[in-house]
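Asker: Below is the file work.txt, which contains compact mmCIF, C-alpha atoms.
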```txt
# COMPACT_ATOMS: atom_id res chain seq x y z
CA MET A 253 -16.78 -24.71 5.18
CA THR A 254 -16.10 -23.19 1.79
CA THR A 255 -15.72 -25.30 -1.34
CA ARG A 256 -14.53 -22.93 -4.05
CA THR A 257 -12.15 -20.03 -4.55
CA THR A 258 -13.32 -16.54 -5.47
CA GLU A 259 -11.60 -16.73 -8.86
CA ASP A 260 -14.96 -17.28 -10.60
CA MET A 261 -16.27 -14.02 -9.08
CA HIS A 262 -15.64 -11.78 -12.06
CA THR A 263 -15.28 -8.47 -10.23
CA GLY A 264 -14.04 -6.90 -13.48
CA THR A 265 -17.69 -6.22 -14.29
CA TRP A 266 -17.64 -3.49 -11.59
CA ARG A 267 -15.12 -1.49 -13.60
CA THR A 268 -15.76 1.93 -15.17
CA PHE A 269 -12.16 2.77 -16.13
CA ARG A 270 -9.61 0.22 -17.29
CA PRO A 271 -5.82 0.55 -16.81
CA VAL A 272 -3.83 0.59 -20.04
CA ILE A 273 -0.06 0.09 -19.79
CA ASP A 274 2.39 1.78 -22.12
CA ALA A 275 5.33 -0.66 -22.10
CA GLU A 276 7.67 1.95 -23.56
CA LYS A 277 7.34 4.13 -20.47
CA CYS A 278 7.39 1.23 -17.95
CA VAL A 279 10.59 1.10 -15.85
CA LEU A 280 9.74 -2.26 -14.21
CA CYS A 281 9.53 -0.83 -10.67
CA TYR A 282 6.48 -3.08 -10.03
CA SER A 283 4.72 -0.47 -7.86
CA CYS A 284 1.49 -1.34 -9.69
CA TRP A 285 1.93 -5.02 -8.83
CA LYS A 286 2.83 -4.26 -5.19
CA PHE A 287 -0.14 -2.01 -4.50
CA CYS A 288 -2.91 -3.75 -6.48
CA PRO A 289 -5.64 -4.67 -3.96
CA ASP A 290 -7.27 -7.10 -6.40
CA LEU A 291 -4.19 -9.13 -7.39
CA SER A 292 -4.98 -8.11 -10.94
CA MET A 293 -1.59 -6.83 -11.99
CA ILE A 294 0.18 -9.93 -13.27
CA VAL A 295 3.98 -10.19 -13.32
CA ARG A 296 5.00 -13.80 -13.93
CA GLU A 297 8.71 -13.42 -13.13
CA GLU A 298 11.41 -10.81 -12.50
CA GLY A 299 12.11 -8.72 -15.59
CA ASP A 300 8.66 -9.27 -17.13
CA TYR A 301 6.37 -6.38 -18.01
CA PRO A 302 3.16 -6.24 -15.95
CA SER A 303 -0.17 -7.11 -17.56
CA VAL A 304 -3.73 -6.60 -16.29
CA ASP A 305 -6.18 -9.39 -15.37
CA LEU A 306 -9.33 -7.71 -16.73
CA LEU A 307 -11.61 -10.44 -15.37
CA HIS A 308 -10.89 -9.26 -11.82
CA CYS A 309 -9.56 -5.65 -12.07
CA LYS A 310 -12.11 -3.36 -10.38
CA GLY A 311 -10.62 -0.26 -11.99
CA CYS A 312 -9.71 1.56 -8.75
CA GLY A 313 -6.80 3.34 -10.46
CA ILE A 314 -4.21 2.86 -7.69
CA CYS A 315 -1.76 1.48 -10.28
CA ALA A 316 -2.09 4.59 -12.47
CA ASN A 317 -1.80 6.92 -9.46
CA GLU A 318 1.34 5.17 -8.12
CA CYS A 319 3.10 4.75 -11.49
CA ARG A 320 5.92 7.31 -11.31
CA PRO A 321 6.85 7.38 -15.01
CA GLY A 322 3.14 7.69 -15.88
CA ALA A 323 3.04 4.51 -17.94
CA ILE A 324 -0.52 3.62 -16.90
CA THR A 325 -3.58 5.57 -18.03
CA MET A 326 -7.19 4.89 -17.04
CA GLU A 327 -9.46 4.68 -20.07
CA ARG A 328 -13.25 4.76 -19.96
CA GLU A 329 -14.89 1.39 -20.67
CA PRO A 330 -17.38 1.56 -23.57
CA LEU A 331 -21.00 1.68 -22.39
CA MET B 1054 15.99 5.64 -8.30
CA SER B 1055 16.54 4.21 -4.83
CA ASP B 1056 18.00 0.80 -4.16
CA GLY B 1057 14.58 -0.52 -3.17
CA GLU B 1058 13.23 -0.22 -6.69
CA ARG B 1059 15.97 -1.58 -8.93
CA LYS B 1060 14.85 -2.36 -12.40
CA GLY B 1061 12.91 -5.57 -12.76
CA ARG B 1062 13.37 -6.85 -9.19
CA PHE B 1063 10.72 -7.91 -6.69
CA THR B 1064 11.19 -6.12 -3.39
CA ILE B 1065 8.54 -8.26 -1.68
CA PRO B 1066 7.89 -12.04 -1.94
CA HIS B 1067 6.33 -13.05 -5.26
CA GLU B 1068 4.15 -15.91 -3.97
CA GLU B 1069 0.48 -14.95 -3.54
CA LEU B 1070 -1.58 -16.48 -0.73
CA MET B 1071 -4.81 -14.85 -1.87
CA TYR B 1072 -7.08 -15.28 -4.88
CA PRO B 1073 -8.50 -12.38 -6.89
CA GLY B 1074 -12.27 -11.87 -6.95
CA HIS B 1075 -12.71 -10.99 -3.25
CA SER B 1076 -15.53 -8.62 -2.27
CA ALA B 1077 -13.61 -5.51 -1.16
CA CYS B 1078 -14.63 -2.13 -2.60
CA PRO B 1079 -12.39 -0.81 -5.38
CA GLY B 1080 -9.30 0.83 -3.86
CA CYS B 1081 -9.74 -0.74 -0.40
CA GLY B 1082 -6.59 -0.89 1.72
CA GLU B 1083 -7.55 -4.03 3.65
CA PRO B 1084 -6.76 -6.59 0.91
CA ILE B 1085 -3.39 -4.90 0.34
CA ALA B 1086 -2.58 -5.28 4.05
CA MET B 1087 -3.84 -8.89 4.12
CA ARG B 1088 -1.84 -9.73 1.00
CA MET B 1089 1.36 -8.35 2.54
CA LEU B 1090 0.71 -10.11 5.86
CA LEU B 1091 0.24 -13.49 4.15
CA LYS B 1092 3.29 -12.96 1.93
CA ALA B 1093 5.35 -12.43 5.09
CA LEU B 1094 3.84 -15.26 7.16
CA GLY B 1095 3.56 -18.01 4.54
CA PRO B 1096 1.02 -20.84 4.35
CA ARG B 1097 1.52 -22.17 7.91
CA THR B 1098 -0.94 -19.63 9.32
CA VAL B 1099 -4.42 -19.70 10.87
CA ILE B 1100 -6.44 -16.50 10.78
CA ASN B 1101 -9.43 -15.59 12.91
CA ILE B 1102 -11.63 -12.68 11.99
CA PRO B 1103 -14.48 -10.93 13.81
CA ALA B 1104 -17.38 -8.97 12.30
CA GLY B 1105 -16.41 -6.06 10.09
CA CYS B 1106 -15.34 -5.42 6.52
CA CYS B 1107 -12.69 -8.12 6.94
CA ALA B 1108 -15.38 -10.75 7.55
CA VAL B 1109 -17.07 -9.91 4.26
CA ILE B 1110 -14.03 -9.39 2.04
CA PRO B 1111 -12.70 -13.00 1.92
CA GLY B 1112 -15.76 -13.97 -0.10
CA VAL B 1113 -19.39 -14.95 -0.14
CA TRP B 1114 -20.08 -18.60 0.71
CA PRO B 1115 -19.22 -21.08 -0.78
CA ARG B 1116 -16.34 -19.06 -2.22
CA TYR B 1117 -13.23 -18.02 -0.31
CA SER B 1118 -10.23 -15.89 -1.29
CA LEU B 1119 -7.46 -16.81 1.18
CA ARG B 1120 -5.11 -19.79 0.88
CA VAL B 1121 -4.93 -20.24 4.66
CA PRO B 1122 -7.65 -21.45 7.08
CA MET B 1123 -9.88 -18.80 8.63
CA ILE B 1124 -12.39 -18.82 11.49
CA ASP B 1125 -15.22 -16.28 11.57
CA HIS B 1126 -16.48 -15.34 15.02
CA ALA B 1127 -18.39 -12.73 17.02
CA PHE B 1128 -17.24 -9.11 17.16
CA GLU B 1129 -15.68 -9.11 20.64
CA CYS B 1130 -13.92 -12.50 20.58
CA THR B 1131 -10.71 -12.04 18.57
CA GLY B 1132 -8.38 -12.44 21.57
CA ALA B 1133 -10.34 -15.32 23.10
CA THR B 1134 -10.58 -17.21 19.77
CA SER B 1135 -6.85 -16.74 19.18
CA SER B 1136 -6.10 -18.22 22.62
CA GLY B 1137 -8.41 -21.14 21.81
CA ILE B 1138 -6.77 -21.86 18.45
CA ARG B 1139 -3.32 -21.65 20.02
CA ALA B 1140 -4.35 -24.12 22.78
CA ALA B 1141 -5.71 -26.54 20.17
CA LEU B 1142 -2.52 -26.29 18.08
CA ASP B 1143 -0.41 -26.87 21.21
CA VAL B 1144 -2.37 -30.06 21.99
CA LYS B 1145 -1.70 -31.25 18.44
CA GLY B 1146 1.98 -30.31 18.80
CA LEU B 1147 1.87 -27.87 15.85
CA ASP B 1148 4.26 -25.20 17.06
CA ASP B 1149 5.28 -23.95 13.59
CA VAL B 1150 1.83 -22.49 12.87
CA THR B 1151 1.27 -18.75 13.40
CA VAL B 1152 -2.08 -17.72 14.88
CA VAL B 1153 -3.28 -14.35 13.62
CA GLY B 1154 -6.18 -12.34 15.04
CA TRP B 1155 -7.17 -9.89 12.31
CA ALA B 1156 -9.62 -7.20 13.40
CA GLY B 1157 -10.58 -3.71 12.38
CA ASP B 1158 -10.17 -0.61 14.53
CA GLY B 1159 -13.68 -0.84 16.00
CA GLY B 1160 -13.19 -4.54 16.75
CA THR B 1161 -9.94 -3.68 18.55
CA VAL B 1162 -10.01 -0.35 20.36
CA ASP B 1163 -13.71 -0.46 21.29
CA ILE B 1164 -15.52 -3.78 21.11
CA GLY B 1165 -12.72 -6.35 21.23
CA LEU B 1166 -10.54 -4.58 23.80
CA GLN B 1167 -11.33 -6.78 26.83
CA SER B 1168 -10.80 -10.00 24.93
CA LEU B 1169 -7.53 -8.75 23.40
CA SER B 1170 -6.36 -7.61 26.83
CA GLY B 1171 -7.21 -11.06 28.24
CA ALA B 1172 -5.25 -12.88 25.54
CA VAL B 1173 -2.20 -10.65 26.08
CA ASP B 1174 -2.53 -11.14 29.84
CA ARG B 1175 -2.56 -14.95 29.36
CA GLY B 1176 0.62 -14.64 27.32
CA THR B 1177 -0.93 -16.37 24.30
CA ASP B 1178 1.61 -16.83 21.50
CA PHE B 1179 -0.20 -15.03 18.68
CA LEU B 1180 -0.05 -12.02 16.39
CA TYR B 1181 -2.89 -9.55 16.70
CA VAL B 1182 -3.28 -7.29 13.69
CA MET B 1183 -5.47 -4.22 13.82
CA TYR B 1184 -6.04 -2.84 10.34
CA ASP B 1185 -7.09 0.72 10.95
CA ASN B 1186 -9.51 2.50 8.61
CA GLU B 1187 -10.40 4.97 11.39
CA ALA B 1188 -14.16 4.32 11.75
CA TYR B 1189 -16.82 1.60 11.55
CA MET B 1190 -16.76 1.44 7.76
CA ASN B 1191 -18.72 -1.79 7.23
CA THR B 1192 -21.85 -0.36 8.84
CA GLY B 1193 -21.53 3.02 7.15
CA VAL B 1194 -18.86 5.25 8.72
CA GLN B 1195 -19.63 5.60 12.43
CA CYS B 1196 -17.02 7.15 14.73
CA SER B 1197 -14.75 4.67 16.55
CA GLY B 1198 -12.08 5.14 19.22
CA ALA B 1199 -9.53 5.30 16.40
CA THR B 1200 -11.20 8.13 14.47
CA PRO B 1201 -8.80 11.09 14.31
CA CYS B 1202 -9.52 14.59 15.53
CA GLY B 1203 -11.71 16.63 13.20
CA ALA B 1204 -12.85 13.80 10.94
CA TRP B 1205 -16.41 13.72 9.65
CA THR B 1206 -18.35 10.51 10.32
CA THR B 1207 -22.11 9.96 10.40
CA THR B 1208 -22.00 10.14 14.22
CA THR B 1209 -19.63 13.13 14.32
CA PRO B 1210 -21.23 15.35 11.66
CA ALA B 1211 -19.37 18.32 10.24
CA GLY B 1212 -20.31 21.73 11.65
CA LYS B 1213 -18.78 24.95 12.87
CA GLU B 1214 -17.33 23.12 15.87
CA MET B 1215 -15.34 19.92 15.48
CA ALA B 1216 -17.57 17.09 16.74
CA CYS B 1217 -14.65 14.73 17.23
CA ARG B 1218 -12.05 16.70 19.22
CA ARG B 1219 -9.76 14.07 20.68
CA GLY B 1220 -6.95 12.16 19.01
CA LYS B 1221 -6.91 8.45 18.37
CA LYS B 1222 -6.69 6.01 21.28
CA ARG B 1223 -3.03 5.14 21.80
CA ILE B 1224 -3.70 1.45 21.37
CA LEU B 1225 -0.08 0.35 20.89
CA GLU B 1226 0.93 2.04 24.15
CA MET B 1227 -2.06 0.45 25.90
CA MET B 1228 -0.93 -2.96 24.69
CA VAL B 1229 2.67 -2.29 25.75
CA GLU B 1230 1.43 -1.54 29.27
CA ASN B 1231 -0.69 -4.69 28.99
CA GLY B 1232 2.43 -6.82 28.41
CA ILE B 1233 2.99 -7.52 24.71
CA VAL B 1234 6.49 -8.72 23.73
CA TYR B 1235 6.50 -6.94 20.38
CA GLY B 1236 4.42 -4.13 18.93
CA ALA B 1237 4.69 -1.99 15.82
CA THR B 1238 2.81 0.35 13.54
CA ALA B 1239 2.93 -0.27 9.80
CA ASN B 1240 1.54 1.32 6.69
CA ILE B 1241 0.38 -0.26 3.42
CA ALA B 1242 2.22 2.49 1.53
CA TYR B 1243 5.51 0.96 2.79
CA PRO B 1244 5.09 -2.75 1.98
CA GLU B 1245 8.75 -3.72 2.48
CA ASP B 1246 8.67 -2.20 5.97
CA LEU B 1247 5.33 -3.88 6.72
CA ILE B 1248 6.69 -7.29 5.71
CA GLU B 1249 9.78 -6.77 7.86
CA ARG B 1250 7.60 -5.92 10.88
CA VAL B 1251 5.47 -9.05 10.36
CA ARG B 1252 8.57 -11.25 10.00
CA THR B 1253 10.06 -9.80 13.17
CA ALA B 1254 6.79 -10.49 14.99
CA LYS B 1255 6.72 -14.05 13.66
CA SER B 1256 10.21 -14.71 15.01
CA ILE B 1257 9.23 -13.86 18.60
CA ARG B 1258 7.18 -16.05 20.95
CA GLY B 1259 4.38 -14.44 22.96
CA PRO B 1260 1.64 -11.89 22.34
CA LYS B 1261 2.47 -9.48 19.49
CA PHE B 1262 0.50 -6.49 18.26
CA LEU B 1263 0.58 -4.81 14.86
CA HIS B 1264 -1.27 -1.61 13.95
CA ILE B 1265 -1.65 -1.18 10.17
CA LEU B 1266 -3.07 1.96 8.57
CA SER B 1267 -5.46 0.96 5.80
CA PRO B 1268 -7.36 3.82 4.11
CA CYS B 1269 -11.03 3.41 3.16
CA PRO B 1270 -11.84 5.48 0.05
CA SER B 1271 -15.61 5.46 0.59
CA GLY B 1272 -15.43 6.35 4.30
CA TRP B 1273 -12.62 8.87 3.89
CA ARG B 1274 -14.57 10.45 1.03
CA MET B 1275 -11.82 10.34 -1.56
CA ASP B 1276 -11.13 8.83 -4.97
CA PRO B 1277 -10.23 5.08 -4.80
CA SER B 1278 -6.99 5.73 -6.68
CA LYS B 1279 -5.71 7.90 -3.77
CA THR B 1280 -5.53 5.06 -1.20
CA ILE B 1281 -1.75 4.63 -1.25
CA GLU B 1282 -1.13 8.37 -1.65
CA ALA B 1283 -3.22 9.10 1.46
CA ALA B 1284 -1.55 6.31 3.46
CA SER B 1285 1.87 7.58 2.49
CA LEU B 1286 0.97 11.19 3.38
CA ALA B 1287 -0.30 10.03 6.79
CA THR B 1288 3.23 8.95 7.66
CA ARG B 1289 5.02 11.81 5.87
CA THR B 1290 2.94 14.43 7.73
CA GLY B 1291 3.44 12.75 11.11
CA MET B 1292 -0.25 11.84 11.43
CA PHE B 1293 0.65 8.13 11.55
CA PRO B 1294 4.31 7.72 12.67
CA LEU B 1295 5.94 4.33 12.11
CA TYR B 1296 7.61 2.92 15.21
CA GLU B 1297 8.07 -0.34 17.05
CA TYR B 1298 8.36 -1.56 20.62
CA ARG B 1299 10.70 -4.41 21.52
CA ASP B 1300 12.60 -5.42 24.67
CA GLY B 1301 11.30 -2.46 26.63
CA GLN B 1302 12.35 0.10 24.02
CA TYR B 1303 10.60 2.22 21.45
CA ARG B 1304 12.31 2.86 18.13
CA PHE B 1305 11.24 4.78 15.03
CA THR B 1306 11.16 2.45 12.01
CA LYS B 1307 10.87 5.46 9.73
CA GLU B 1308 12.70 8.54 10.93
CA ILE B 1309 10.56 11.61 11.46
CA LYS B 1310 12.21 14.55 9.76
CA ASN B 1311 11.21 17.08 7.10
CA LEU B 1312 7.54 16.55 7.94
CA LYS B 1313 5.07 17.88 5.42
CA PRO B 1314 2.31 20.18 6.71
CA VAL B 1315 -0.71 18.12 7.75
CA GLU B 1316 -2.86 20.16 5.37
CA HIS B 1317 -1.57 18.05 2.43
CA TYR B 1318 -3.06 14.98 4.08
CA LEU B 1319 -6.31 16.60 5.23
CA ARG B 1320 -7.15 18.31 1.94
CA LEU B 1321 -6.93 15.02 0.04
CA GLN B 1322 -9.96 13.68 1.90
CA GLY B 1323 -13.59 14.76 1.88
CA ARG B 1324 -14.02 13.84 5.55
CA PHE B 1325 -11.82 16.84 6.50
CA LYS B 1326 -13.29 19.19 3.90
CA HIS B 1327 -15.26 21.23 6.48
CA LEU B 1328 -12.21 22.21 8.55
CA THR B 1329 -11.35 25.90 8.76
CA PRO B 1330 -7.66 27.01 8.58
CA ALA B 1331 -7.76 27.59 12.36
CA GLN B 1332 -8.96 24.02 12.93
CA VAL B 1333 -6.26 22.66 10.61
CA ALA B 1334 -3.69 24.57 12.70
CA GLU B 1335 -5.23 23.04 15.85
CA ILE B 1336 -4.79 19.54 14.38
CA GLN B 1337 -1.21 20.37 13.38
CA ASP B 1338 -0.48 21.36 17.00
CA LEU B 1339 -2.07 18.13 18.25
CA ILE B 1340 0.17 16.05 15.94
CA VAL B 1341 3.31 17.93 16.95
CA GLY B 1342 2.40 17.40 20.62
CA GLU B 1343 1.83 13.66 20.14
CA LEU B 1344 5.11 13.31 18.23
CA GLU B 1345 6.99 15.05 21.06
CA VAL B 1346 5.59 12.53 23.55
CA LEU B 1347 6.66 9.68 21.24
CA LYS B 1348 10.12 11.15 20.65
CA ALA B 1349 10.63 11.40 24.42
CA LYS B 1350 9.80 7.69 24.76
CA VAL B 1351 12.25 6.76 21.97
CA GLU B 1352 14.94 8.95 23.57
CA ALA B 1353 14.33 7.38 26.99
CA GLY B 1354 14.89 3.95 25.46
CA ARG B 1355 18.23 4.97 23.92
CA LYS B 1356 19.75 5.92 27.30
```
Let me see the structure of the file written as structure tokens.

Answerer:
Amino acid sequence: MTTRTTEDMHTGTWRTFRPVIDAEKCVLCYSCWKFCPDLSMIVREEGDYPSVDLLHCKGCGICANECRPGAITMEREPL
Amino acid sequence: MSDGERKGRFTIPHEELMYPGHSACPGCGEPIAMRMLLKALGPRTVINIPAGCCAVIPGVWPRYSLRVPMIDHAFECTGATSSGIRAALDVKGLDDVTVVGWAGDGGTVDIGLQSLSGAVDRGTDFLYVMYDNEAYMNTGVQCSGATPCGAWTTTTPAGKEMACRRGKKRILEMMVENGIVYGATANIAYPEDLIERVRTAKSIRGPKFLHILSPCPSGWRMDPSKTIEAASLATRTGMFPLYEYRDGQYRFTKEIKNLKPVEHYLRLQGRFKHLTPAQVAEIQDLIVGELEVLKAKVEAGRK
């Protein structure tokens, strides 16, 4: 039996590159939200811009690779 | 912009039945597939999972990342456990609950095959999902029955000759001959299609089988950001065609036309890096041959 959820596992500490969203380029296609394996792209309701849950984002870069207008860039985390 | 991506609209259900913080590697395809499956099935679901990556990903005890109950069991028991859960639910009169057996390719085409075959033979009402990363990834990339021709694994090392010369086991066709009522292939790069396949399976009583392609960046030797790109190319090159089986007929769920050369798919991944142009051509011929066989089956169903 398990007693807790994995939400307190802060997998964001694994990250080397963080996704940064440029809202001006975003066309609200939600590809980043659809394909995020870590449920770290947050879109609260239809029409909202996506935001990143940096506590859990592992920095895989799928969102940046799938973003057709190129609104997401991966930036190196400071050492 | 196609109709499927209108501005500011969700094309898949918004409700999440998973928590973040699970233990998958960055860029893993398995949590994407699991997330889509749970979105389509809803909370009235019981999952059973054998050994493999999928047994580790939901979380390290006492933490757990799914919002539905899960049973962990031995590698070869997915079919048997599913039959057991179904029998228990029937005794309790819970007929609105979907039983899902969720196993990897090794746990399906090699180790779990007899138990899966038994459950299908018994006519158990359940959905078996094989998420296919094309090798035993949890133990460090050993060749499985679902490893494609030419791929490097630690047990099929790269050399002048291709160590792995055969194609993947045709597991869906094996299950059709075994007696499933519904079977389909799906791809995490097409989530709307995947959700439709799962919903169709949910609406039918009896043994159902779903084969989902789920790339593994570490085992496929590629950058984690390329997971969806590789999955999408697998279908667009004909390496992983999307089709379904229902009522005795095969049907393409994504039409196969204007196929890209398989080289686009192979060159994206380090596991195919050693292939010579002649070997790439050999793989291309193999794919074309397999697609012809499939097309003939689809055509036979139309008559």

Asker: Give me, as a ChimeraX atom specification, the contact residues of chain A against chain B at a cut-off of 9 Å, counting all atoms listed in the file.

Answerer: /A:253-264,266-267,279-283,286-292,295-301,307-318

Asker: Filtering to C-alpha atoms, could you give me those residues as a PDB file, keeping the file's coordinate frame?

Answerer:
```
ATOM      1  CA  MET A 253     -16.780 -24.710   5.180  1.00  0.00           C
ATOM      2  CA  THR A 254     -16.100 -23.190   1.790  1.00  0.00           C
ATOM      3  CA  THR A 255     -15.720 -25.300  -1.340  1.00  0.00           C
ATOM      4  CA  ARG A 256     -14.530 -22.930  -4.050  1.00  0.00           C
ATOM      5  CA  THR A 257     -12.150 -20.030  -4.550  1.00  0.00           C
ATOM      6  CA  THR A 258     -13.320 -16.540  -5.470  1.00  0.00           C
ATOM      7  CA  GLU A 259     -11.600 -16.730  -8.860  1.00  0.00           C
ATOM      8  CA  ASP A 260     -14.960 -17.280 -10.600  1.00  0.00           C
ATOM      9  CA  MET A 261     -16.270 -14.020  -9.080  1.00  0.00           C
ATOM     10  CA  HIS A 262     -15.640 -11.780 -12.060  1.00  0.00           C
ATOM     11  CA  THR A 263     -15.280  -8.470 -10.230  1.00  0.00           C
ATOM     12  CA  GLY A 264     -14.040  -6.900 -13.480  1.00  0.00           C
ATOM     13  CA  TRP A 266     -17.640  -3.490 -11.590  1.00  0.00           C
ATOM     14  CA  ARG A 267     -15.120  -1.490 -13.600  1.00  0.00           C
ATOM     15  CA  VAL A 279      10.590   1.100 -15.850  1.00  0.00           C
ATOM     16  CA  LEU A 280       9.740  -2.260 -14.210  1.00  0.00           C
ATOM     17  CA  CYS A 281       9.530  -0.830 -10.670  1.00  0.00           C
ATOM     18  CA  TYR A 282       6.480  -3.080 -10.030  1.00  0.00           C
ATOM     19  CA  SER A 283       4.720  -0.470  -7.860  1.00  0.00           C
ATOM     20  CA  LYS A 286       2.830  -4.260  -5.190  1.00  0.00           C
ATOM     21  CA  PHE A 287      -0.140  -2.010  -4.500  1.00  0.00           C
ATOM     22  CA  CYS A 288      -2.910  -3.750  -6.480  1.00  0.00           C
ATOM     23  CA  PRO A 289      -5.640  -4.670  -3.960  1.00  0.00           C
ATOM     24  CA  ASP A 290      -7.270  -7.100  -6.400  1.00  0.00           C
ATOM     25  CA  LEU A 291      -4.190  -9.130  -7.390  1.00  0.00           C
ATOM     26  CA  SER A 292      -4.980  -8.110 -10.940  1.00  0.00           C
ATOM     27  CA  VAL A 295       3.980 -10.190 -13.320  1.00  0.00           C
ATOM     28  CA  ARG A 296       5.000 -13.800 -13.930  1.00  0.00           C
ATOM     29  CA  GLU A 297       8.710 -13.420 -13.130  1.00  0.00           C
ATOM     30  CA  GLU A 298      11.410 -10.810 -12.500  1.00  0.00           C
ATOM     31  CA  GLY A 299      12.110  -8.720 -15.590  1.00  0.00           C
ATOM     32  CA  ASP A 300       8.660  -9.270 -17.130  1.00  0.00           C
ATOM     33  CA  TYR A 301       6.370  -6.380 -18.010  1.00  0.00           C
ATOM     34  CA  LEU A 307     -11.610 -10.440 -15.370  1.00  0.00           C
ATOM     35  CA  HIS A 308     -10.890  -9.260 -11.820  1.00  0.00           C
ATOM     36  CA  CYS A 309      -9.560  -5.650 -12.070  1.00  0.00           C
ATOM     37  CA  LYS A 310     -12.110  -3.360 -10.380  1.00  0.00           C
ATOM     38  CA  GLY A 311     -10.620  -0.260 -11.990  1.00  0.00           C
ATOM     39  CA  CYS A 312      -9.710   1.560  -8.750  1.00  0.00           C
ATOM     40  CA  GLY A 313      -6.800   3.340 -10.460  1.00  0.00           C
ATOM     41  CA  ILE A 314      -4.210   2.860  -7.690  1.00  0.00           C
ATOM     42  CA  CYS A 315      -1.760   1.480 -10.280  1.00  0.00           C
ATOM     43  CA  ALA A 316      -2.090   4.590 -12.470  1.00  0.00           C
ATOM     44  CA  ASN A 317      -1.800   6.920  -9.460  1.00  0.00           C
ATOM     45  CA  GLU A 318       1.340   5.170  -8.120  1.00  0.00           C
TER      46      GLU A 318
END
```

Asker: Return the single residue from B:Gly1198, B:Gly1193, B:Gly1232, B:Pro1260 that is closest to B:Asp1178, with distances computed using only C-alpha atoms.

Answerer: B:Pro1260

Asker: What gap, in Å, lies between atom CA of B:Glu1214 and atom CA of B:Tyr1318?

Answerer: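 That distance, rounded to one decimal, is 20.2 Å.
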
Asker: Any idea what's packed within 8 Å of B:Asp1163, counting only C-alpha atoms, ignoring anything in its chain fewer than 3 positions away? Could you give it as a ChimeraX atom specification?

Answerer: /B:1158-1160,1166,1197-1198

Asker: As an exercise, work out the distance from atom CA of B:Met1275 to atom CA of B:Leu1347 in Å and give it to one decimal place.

Answerer: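 Taking atom CA of B:Met1275 as the start and atom CA of B:Leu1347 as the end point, the length is 29.4 Å.
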
Asker: Any idea what the distance is between atom CA of A:Thr268 and atom CA of A:Asp305?

Answerer: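 Interatomic distance here is 14.8 Å.
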